[in-house]
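See structure below.
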Amino acid sequence: MTDFAQFYRRSIDQRDAFWAEQAELIDWHERPRQICDYSHPPFARWFAGGTTNLCHNAVDRHLATRPDQNALIFVSTEVNEERVYSFRELHAEVQRMAATLKSLGVGKGDRVLVYMPMIPEAAFAMLACTRIGALHSVVFGGFASVSLASRIDDAEPVVIVSADAGSRGGKVVAYKPLLDEAIKLAQCKPAKVLMVDRGLVAFSRVAGRDEDYAAWRETHASTPVPCEWVDAEHPSYTLYTSGTTGRPKGVQRDTGGYAVALAASMKLIFLGNPGETYFSTSDIGWVVGHSYIIYGPLINGMATIMYEGLPIRPDAAIWWSLVEKYKVTSMFSAPTAIRVLKKQDPAALKKHDLSSLRALFLAGEPLDEPTARWIADALGRPIIDNYWQTETGWPILGICNGVEKAPSKFGSPGKAVYGYDVKLLDEHTGEELTGHHQKGVVAIEGPLPPGCMQTVWRDDERFVKTYWKTVPGRTIYNTFDWGIRDEDGYYFILGRTDDVINVAGHRLGTREIEESISSHPGVAEVAVVGVADALKGQVAMAFAVLKDPSRAATAQGARGLEGEIMKIVDEQLGALARPSRVRFVSALPKTRSGKMLRRAIQAVCEQRDPGDLTTIEDPTALQQIRDLVAPG
Ligand code: AMP
């Protein structure tokens with residue numbers, strides 16, 4: 001055990017020596033010549049000159065030592081299926097998928113969009129891409145056609161890998177019609193669509209474009225596909241995330257830095273050892289799924305559980321039965337899932353032997369103290385919060401128990417993690433706040449450590465403009481989160497500084513939802529804000545001005561319109577973006593210069609004081625909202 005404070009200081013003050021040591025955790029084809037090239041800030045080139053491969057590190061390198069050990073454990077309580085792949089079997093499946101992608105014309109640097117439910121073939125597709133140096137771009141299966149189309153146009157994939165359907169709560173969700181519609185909407189058409197047919201729902205095929213994976217898998221039953229050695233800086237994937245503007249950003253990740261960062265985090269933060277089992281309840285459509293369902297555990301030689309289903313079906317003991325059955329040592333979930341479980345009978349958590357479990361890690365949204373206490377008591381295991389973003393790919397704040405055991409504090413995700421030079425900045429002056437309990441913007445002094453976002457896909461300028469602020473001699477990354485730090489160096493996250501909301505751990509841009517609602521022909525103007533919710537953390541609430549206000553004059557008319565608008569959001573973006581309510585008003589509160597007062601709307605919805613309103617143009621606009629949301 002090392003002293004964490006010393007370990008942390010070294011990661012900042014002797015950055016290259018520190019990361020050179022961590023780089024030993026992965027296999028390199030050629031060793032890096034330089035650890036960090038930061039000659040063009042804010043762009044950091046990690047492990048320049050080195051060549052490696054993510055799939056090799058996740059799969060092939062374990063063949064010598066643990067070929068028959070479990071690698072991928074697929075459990076679906078939706079279709080009652082359980083499939084376990086050893087590293088040897090995973091290797092064979094990934095090669096079949098890789099050979100298929102090559103046959104369909106995918107080469108190094110090409111993009112493959114993956115629009116799939118939580119099935120093993122999705123993991124094979126991701127690993128097959130990195131194996132051949134292609135970039136995967138996974139789009140969460142809950143997104144609908146307009147969201148999907150914008151991602152297709154940005155990624156310009158050669159091939160899209162998809163499936164007939166997913167299933168949620170026992171209800172089949174057909175993917176193919178959404179995909180067909182998205183391709184119709186997109187400017188850029190993929191050459192091929194590779195379909196995994198689960199036999200859940202019939203679907204139509206487009207001749208010459210749609211290919212059947214089962215047939216290709218036969219063709220390539222034993223075609224060897226060696227790993228393509230790529231530069232450490234070769235992009236491994238893009239993953240879209242929401243920001244202030246409606247257009248989602250493609251977060252681009254490298255290869256070498258990502259592999260090293262994940263390998264180190266598995267040991268130092270997530271307490272995982274080779275040969276053990278890791279269970280992350282996220283989805284491959286999110287960053288947690290990329291880092292801690294697929295790459296992190298596999299790189300660390302662990303078995304990983306891929307779970308399709310709800311935490312409470314068939315009953316609230318299902319996850320814990322998997323912990324017992326597969327002797328899970330580390331588990332990773334989100335506070336919303338725990339709040340869902342909290343509504344169930346706590347006896348469900350006591351039914352199974354959880355002695356293998358070292359800790360439950362939670363991230364993605366604020367972890368409230370009652371939820372943390374409840375799950376800690378119910379499980380009798382340490383609950384460890386950690387804070388990060390799609391952009392960083394691994395924790396910024398956390399408790400590095402693999403370095404030195406440290407207590408968690410309720411409500412805090414922990415201290416700055418090694419490699420991250422975290423600062424709190426004054427909102428107005430940009431000056432660093434060094435005192436305790438001062439509220440500021442959470443920022444990171446460049447360079448970002450290995451594994452973080454390289455750039456915005458094909459848009460370096462947007463990367464620089466969105467995230468970085470340059471003060472003489474320094475570049476500083478903005479997380480867009482508010483935070484405070486206590487006297488022990490523990491941070492507390494107080495919410496976003498921008499128009500991003502967090503619904504059940506899913507990040508959504510309010511502008512995206514506004515754009516979708518505005519496409520309803522009856523809507524003149526709309527504002528969407530995130531409002532605190534006891535179960536989901538936040539929900540989206542919409543306030544719309546109608547072109548013809550008489551349409552919402554009766555309660556029935558308003559309800560009908562609200563339903564129409566929600567249906568549009570469902571169809572365009574997906575149900576996860578659907579506002580909890582759409583209310584109709586005659587005007588929206590704005591400043592005299594025309595800026596929408598979203599924070600004031602949000603405050604009023606949460607029954608808080610909206611603060612300084614001296615610049616408001618029409619105070620009755622806010623009063624209307626206050627009247628609408630008044631309790632009772
Ligand atoms: P995403 O990119 O979807 O992972 O969302 C990242 C955002 O989620 C962060 O910027 C925070 O606003 C929020 N977030 C993630 N983890 C935590 C956490 N442990 N505590 C509080 N907020 C969190």
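In the structure tokens, the first chain shown is A, the next is B, and so on; residue numbers restart at 1 for each chain, and ligands run from 1 in the order shown.
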
Would you kindly return, as an mmCIF file with C-alpha atoms, in the first residue's frame, each protein, DNA or RNA residue with an atom no farther than 7 Å from any atom of stretch 563-577 of chain A, considering only C-alpha atoms and excluding same-chain residues fewer than 2 positions away?
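That gives us out-v1.cif:
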```
data_model
loop_
_atom_site.group_PDB
_atom_site.id
_atom_site.type_symbol
_atom_site.label_atom_id
_atom_site.label_comp_id
_atom_site.auth_asym_id
_atom_site.auth_seq_id
_atom_site.Cartn_x
_atom_site.Cartn_y
_atom_site.Cartn_z
ATOM 1 C CA GLY A 142 -33.355 3.554 -26.623
ATOM 2 C CA PHE A 143 -32.697 6.342 -29.123
ATOM 3 C CA ALA A 144 -35.182 6.719 -31.962
ATOM 4 C CA SER A 145 -34.844 7.635 -35.620
ATOM 5 C CA VAL A 146 -34.002 11.363 -35.553
ATOM 6 C CA SER A 147 -31.319 10.924 -32.871
ATOM 7 C CA ILE A 513 -35.770 18.035 -26.685
ATOM 8 C CA SER A 516 -38.007 17.989 -31.279
ATOM 9 C CA ILE A 517 -41.042 19.617 -29.604
ATOM 10 C CA HIS A 520 -44.929 19.932 -33.778
ATOM 11 C CA ARG A 559 -54.124 16.767 -22.688
ATOM 12 C CA GLY A 560 -54.569 15.785 -26.336
ATOM 13 C CA LEU A 561 -51.845 18.156 -27.483
ATOM 14 C CA PRO A 579 -40.779 15.189 -20.901
#
```

Could you tell me, counting only C-alpha atoms and all ligand atoms, which protein and nucleic acid residues lie no more than 7 Å from ligand 1, written as a short mmCIF file (atom, residue, chain, number, x, y, z; two decimals) with C-alpha atoms, in the first residue's frame?
```cif
data_model
loop_
_atom_site.label_atom_id
_atom_site.label_comp_id
_atom_site.auth_asym_id
_atom_site.auth_seq_id
_atom_site.Cartn_x
_atom_site.Cartn_y
_atom_site.Cartn_z
CA THR A 241 -23.10 12.81 -25.94
CA TRP A 286 -23.29 4.57 -22.58
CA VAL A 287 -19.71 5.27 -21.64
CA LEU A 362 -22.21 3.91 -8.24
CA ALA A 363 -21.87 6.73 -10.76
CA GLY A 364 -23.58 8.72 -13.46
CA GLU A 365 -25.67 11.07 -11.35
CA PRO A 366 -25.66 12.46 -7.82
CA LEU A 367 -25.96 9.77 -5.15
CA ASP A 385 -19.49 6.74 -5.50
CA ASN A 386 -17.41 8.01 -8.42
CA TYR A 387 -17.82 10.98 -10.70
CA TRP A 388 -16.89 11.25 -14.36
CA GLN A 389 -18.23 11.94 -17.82
CA THR A 390 -18.49 10.45 -21.28
CA GLU A 391 -15.67 12.82 -22.18
CA PRO A 413 -17.90 11.03 -4.95
CA THR A 479 -16.55 19.81 -16.81
CA PHE A 480 -19.68 22.01 -16.79
CA ASP A 481 -20.41 20.86 -13.26
CA ILE A 493 -21.05 17.84 -7.11
CA GLY A 495 -25.28 19.90 -10.75
CA ARG A 496 -24.55 21.13 -14.26
CA ASN A 502 -29.51 14.01 -16.11
CA GLY A 505 -28.25 8.72 -15.08
CA HIS A 506 -28.81 9.46 -18.78
CA ARG A 507 -27.47 12.71 -20.05
#
```

Next on the checklist: Which residues are near A:Ala125? Cut-off 12 Å, only C-alpha atoms, ignore same chain within fewer than 6 positions. Put them as a PyMOL selection string.
Outcome noted: chain A and resi 55+90-91+93-102+106+111-116+118-119+131-132+134-138+159-163+194-196+213+284+294

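Between A:Val471 and the candidates A:Pro42, A:Tyr258, A:Val84, A:Gly250, the tightest atom-to-atom separation, counting only C-alpha atoms, involves A:Pro42.
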
Next on the checklist: Run DSSP on the backbone and tell me which residues of stretch 171-410 of chain A come out as helix (DSSP H, G or I); list them as a VMD selection string.
Outcome noted: chain A and resid 176 to 185 213 to 219 256 to 268 287 to 299 318 to 326 335 to 342 346 to 350 369 to 379

Next on the checklist: So that I can see what lies close to stretch 336-349 of chain A, please list as number ranges by chain the residues with an atom at most 12 Å from it, counting only C-alpha atoms and leaving out residues fewer than 3 positions away in the same chain.
Outcome noted: A: 280-282, 309-324, 332-333, 352-354, 360-381, 383, 502-506, 533-539

Next on the checklist: Residues within 8 Å of A:Asp27, please, as number ranges by chain. Count only C-alpha atoms; anything in the same chain fewer than 4 positions from it doesn't count.
Outcome noted: A: 52, 57, 61
